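Here is the structure we will look at.
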Amino acid sequence: MGGRGRDSGGGAAAAGARPLRRDAELNRQRIVRAGREVFAVRGLQATLNDVAHHAGLGVGTVYRKFADKRALAEAVFAEELAEIAAWARDALTEEEAFDALADFLSRALERAAHNRGLRELMRQGALEDSGLDRVRAEIGQHCEALLARAGARGALREGVTGADLAPIAAMIDAVMALPGERPSDLWRRYLAIVLDGLRAHPGQSPLPGAGDGG
């Protein structure tokens, strides 16, 4: 009987622990969801205090789950960046090289259009030496491979190189950040203009050199 009593006590303790673990996981999910919403609107300069306020939790609860903003940002963006990297890998297997490049850029920019934090992460690499920065670098490598593939097939305007990708992304990002505008109404227009300039056409004039100031 003593053994049964000890088992009963242990079972009660385990039963009490399970709701605590569920509560802890629900709080974690709540924090990640709040972080996703706050970073999307305010960018990566938002603080854990901002996230705690948005989640309706004490800041101590947030710090118990995430040691710093970097840890929370990794939790918020890891899956998103991994998905974008997978899109880029898949694009490399498509038959039409330029269409694959254009479709990937459109899809990735669609994801970023209403997410300031994601755009900052992709543009600035704000979390160096993190898992996110490694995935960001992987996406950049795939983009360069898509560009090179289109060039090798004669579908890319002569003179365009991988070094052009970051300035192009910055231009589209600037359109997305225009005050008083809805990004979804404008960025597609300017991406279409950029893509038309990237595609090879008969009789195109040579591009000015990257450093000639022309």
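Convention: chains lettered A, B, ... in structure tokens order; per-chain residue numbering from 1; ligands numbered from 1 as shown.
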
Taking a cut-off of 10 Å and counting only C-alpha atoms, can you build a table that, for each residue of region 18-85 of chain A near region 100-109 of chain A, reports the nearest atom pair and how far apart they are in Å (one decimal), sorted by chain then residue number, as CSV?
residue,atom,partner,partner_atom,distance
A:Leu81,CA,A:Ala108,CA,9.6
A:Glu83,CA,A:Ala108,CA,9.5
A:Ile84,CA,A:Ala108,CA,6.4
A:Ala85,CA,A:Ala108,CA,9.3

- Message: Using DSSP assignments from the backbone, pull out every residue in chain A that falls under alpha helix (DSSP H) and give it to me as a PyMOL selection string.
- Response: chain A and resi 2-42+48-55+59-65+69-91+97-112+116-124+131-152+165-176+183-198

Written file, previous selection with C-alpha atoms, as a compact mmCIF listing (two decimals), in the first residue's frame:
# COMPACT_ATOMS: atom_id res chain seq x y z
CA GLY A 2 2.90 2.31 0.74
CA GLY A 3 4.11 1.76 -2.80
CA ARG A 4 0.72 2.64 -4.20
CA GLY A 5 0.67 5.80 -2.10
CA ARG A 6 4.02 6.89 -3.47
CA ASP A 7 2.86 6.18 -7.03
CA SER A 8 -0.29 8.20 -6.45
CA GLY A 9 1.71 11.17 -5.20
CA GLY A 10 4.07 10.99 -8.16
CA GLY A 11 1.16 10.78 -10.57
CA ALA A 12 -0.43 13.86 -9.03
CA ALA A 13 2.86 15.74 -9.33
CA ALA A 14 3.18 14.73 -12.99
CA ALA A 15 -0.42 15.73 -13.64
CA GLY A 16 0.30 19.09 -12.03
CA ALA A 17 3.42 19.51 -14.14
CA ARG A 18 1.66 18.89 -17.45
CA PRO A 19 -0.62 21.96 -17.22
CA LEU A 20 2.43 24.04 -16.27
CA ARG A 21 4.30 22.79 -19.33
CA ARG A 22 1.26 23.47 -21.51
CA ASP A 23 0.98 26.99 -20.08
CA ALA A 24 4.68 27.58 -20.72
CA GLU A 25 4.38 26.43 -24.33
CA LEU A 26 1.28 28.55 -24.87
CA ASN A 27 3.17 31.56 -23.53
CA ARG A 28 6.06 30.82 -25.88
CA GLN A 29 3.70 30.62 -28.85
CA ARG A 30 2.05 33.84 -27.75
CA ILE A 31 5.43 35.59 -27.56
CA VAL A 32 6.52 34.34 -30.99
CA ARG A 33 3.22 35.43 -32.51
CA ALA A 34 3.56 38.86 -30.91
CA GLY A 35 7.17 39.09 -32.06
CA ARG A 36 6.13 38.29 -35.63
CA GLU A 37 3.52 41.05 -35.55
CA VAL A 38 5.76 43.64 -33.88
CA PHE A 39 8.80 42.98 -36.09
CA ALA A 40 6.59 43.12 -39.19
CA VAL A 41 5.39 46.63 -38.35
CA ARG A 42 8.30 48.19 -36.44
CA LEU A 48 11.55 42.69 -26.13
CA ASN A 49 9.64 45.20 -24.01
CA ASP A 50 7.64 46.12 -27.11
CA VAL A 51 6.91 42.46 -27.76
CA ALA A 52 5.90 41.82 -24.14
CA HIS A 53 3.51 44.77 -24.21
CA HIS A 54 1.98 43.58 -27.48
CA ALA A 55 1.59 40.05 -26.11
CA VAL A 59 8.67 41.42 -19.72
CA GLY A 60 10.09 38.90 -17.27
CA THR A 61 8.01 36.16 -18.89
CA VAL A 62 9.46 37.07 -22.29
CA TYR A 63 13.03 37.04 -20.97
CA ARG A 64 12.49 33.63 -19.39
CA LYS A 65 11.63 32.25 -22.84
CA LYS A 69 15.98 39.91 -29.07
CA ARG A 70 18.32 37.89 -31.28
CA ALA A 71 16.93 34.61 -29.88
CA LEU A 72 13.35 35.76 -30.45
CA ALA A 73 14.12 36.95 -33.99
CA GLU A 74 15.59 33.55 -34.82
CA ALA A 75 12.42 31.88 -33.59
CA VAL A 76 10.24 34.31 -35.55
CA PHE A 77 12.09 34.25 -38.87
CA ALA A 78 13.80 30.84 -39.08
CA GLU A 79 10.91 29.01 -40.75
CA GLU A 80 10.13 31.95 -43.03
CA LEU A 81 13.68 32.25 -44.35
CA ALA A 82 13.99 28.49 -44.75
CA GLU A 83 10.87 28.52 -46.91
CA ILE A 84 12.24 31.33 -49.09
CA ALA A 85 15.51 29.42 -49.50
CA ALA A 86 13.54 26.35 -50.59
CA TRP A 87 11.70 28.45 -53.20
CA ALA A 88 15.04 29.59 -54.60
CA ARG A 89 16.38 26.02 -54.76
CA ASP A 90 13.24 24.86 -56.54
CA ALA A 91 13.51 27.74 -59.02
CA ALA A 97 15.68 30.27 -66.57
CA PHE A 98 14.55 33.90 -66.70
CA ASP A 99 10.96 33.09 -65.77
CA ALA A 100 12.26 31.09 -62.81
CA LEU A 101 14.28 34.11 -61.64
CA ALA A 102 11.34 36.48 -62.12
CA ASP A 103 8.86 34.19 -60.39
CA PHE A 104 11.16 33.67 -57.41
CA LEU A 105 11.77 37.40 -56.96
CA SER A 106 8.06 38.13 -57.17
CA ARG A 107 7.21 35.40 -54.67
CA ALA A 108 9.91 36.40 -52.18
CA LEU A 109 9.06 40.09 -52.41
CA GLU A 110 5.38 39.29 -51.93
CA ARG A 111 6.32 37.67 -48.63
CA ALA A 112 8.40 40.69 -47.60
CA ARG A 116 9.54 45.41 -42.34
CA GLY A 117 11.59 43.12 -40.12
CA LEU A 118 12.00 40.53 -42.86
CA ARG A 119 13.07 43.20 -45.34
CA GLU A 120 15.63 44.58 -42.89
CA LEU A 121 16.94 41.11 -42.21
CA MET A 122 17.36 40.35 -45.91
CA ARG A 123 18.84 43.75 -46.75
CA GLN A 124 21.12 44.38 -43.79
CA GLY A 131 21.45 30.71 -38.10
CA LEU A 132 19.35 33.36 -39.82
CA ASP A 133 22.40 34.99 -41.34
CA ARG A 134 23.50 31.65 -42.76
CA VAL A 135 20.11 31.09 -44.41
CA ARG A 136 20.17 34.65 -45.71
CA ALA A 137 23.55 33.95 -47.31
CA GLU A 138 22.17 30.74 -48.82
CA ILE A 139 19.29 32.69 -50.39
CA GLY A 140 21.80 35.17 -51.85
CA GLN A 141 23.84 32.34 -53.35
CA HIS A 142 20.77 30.80 -54.95
CA CYS A 143 19.78 34.19 -56.38
CA GLU A 144 23.21 34.60 -57.94
CA ALA A 145 22.92 31.08 -59.38
CA LEU A 146 19.51 31.95 -60.87
CA LEU A 147 21.01 35.07 -62.42
CA ALA A 148 24.01 33.17 -63.81
CA ARG A 149 21.76 30.47 -65.22
CA ALA A 150 19.62 33.03 -67.04
CA GLY A 151 22.78 34.65 -68.38
CA ALA A 152 24.20 31.36 -69.61
CA LEU A 165 21.00 42.10 -56.94
CA ALA A 166 21.47 44.04 -53.69
CA PRO A 167 20.87 47.49 -55.27
CA ILE A 168 17.81 46.17 -57.10
CA ALA A 169 16.41 44.75 -53.86
CA ALA A 170 17.13 48.07 -52.12
CA MET A 171 15.21 49.97 -54.80
CA ILE A 172 12.16 47.74 -54.44
CA ASP A 173 12.44 47.96 -50.65
CA ALA A 174 12.44 51.77 -50.91
CA VAL A 175 9.16 51.60 -52.84
CA MET A 176 7.68 49.32 -50.19
CA PRO A 183 3.28 48.37 -50.85
CA SER A 184 1.13 45.85 -52.67
CA ASP A 185 -0.12 48.60 -54.99
CA LEU A 186 3.32 49.80 -56.09
CA TRP A 187 6.16 47.32 -55.74
CA ARG A 188 4.83 44.98 -58.43
CA ARG A 189 4.78 47.86 -60.90
CA TYR A 190 8.42 48.71 -60.31
CA LEU A 191 9.50 45.09 -60.17
CA ALA A 192 7.93 44.62 -63.62
CA ILE A 193 9.93 47.60 -64.90
CA VAL A 194 13.14 46.22 -63.38
CA LEU A 195 12.54 42.73 -64.76
CA ASP A 196 11.95 44.11 -68.23
CA GLY A 197 15.29 45.88 -67.94
CA LEU A 198 17.00 42.66 -66.82

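The interatomic distance for the pair CA of Gly159 (chain A) and CA of Thr93 (chain A) works out to 23.8 Å.
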
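Taking CA of Gly203 (chain A) and CA of Glu94 (chain A) as endpoints, the distance between them is 27.3 Å.
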
- Item | Minimum-distance residue to Leu207 (chain A), chosen among A:Glu96, A:Ala177, A:Asp164, A:Glu158 (using only C-alpha atoms) | A:Glu158

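Between CA of Ala67 (chain A) and CA of Ser130 (chain A) the interatomic distance comes to 14.3 Å.
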
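Distance annotation: of A:Leu57, A:His114, A:Pro179, A:Pro206, the residue with the minimal separation from Arg157 (chain A) is A:Pro206; atom set is only C-alpha atoms.
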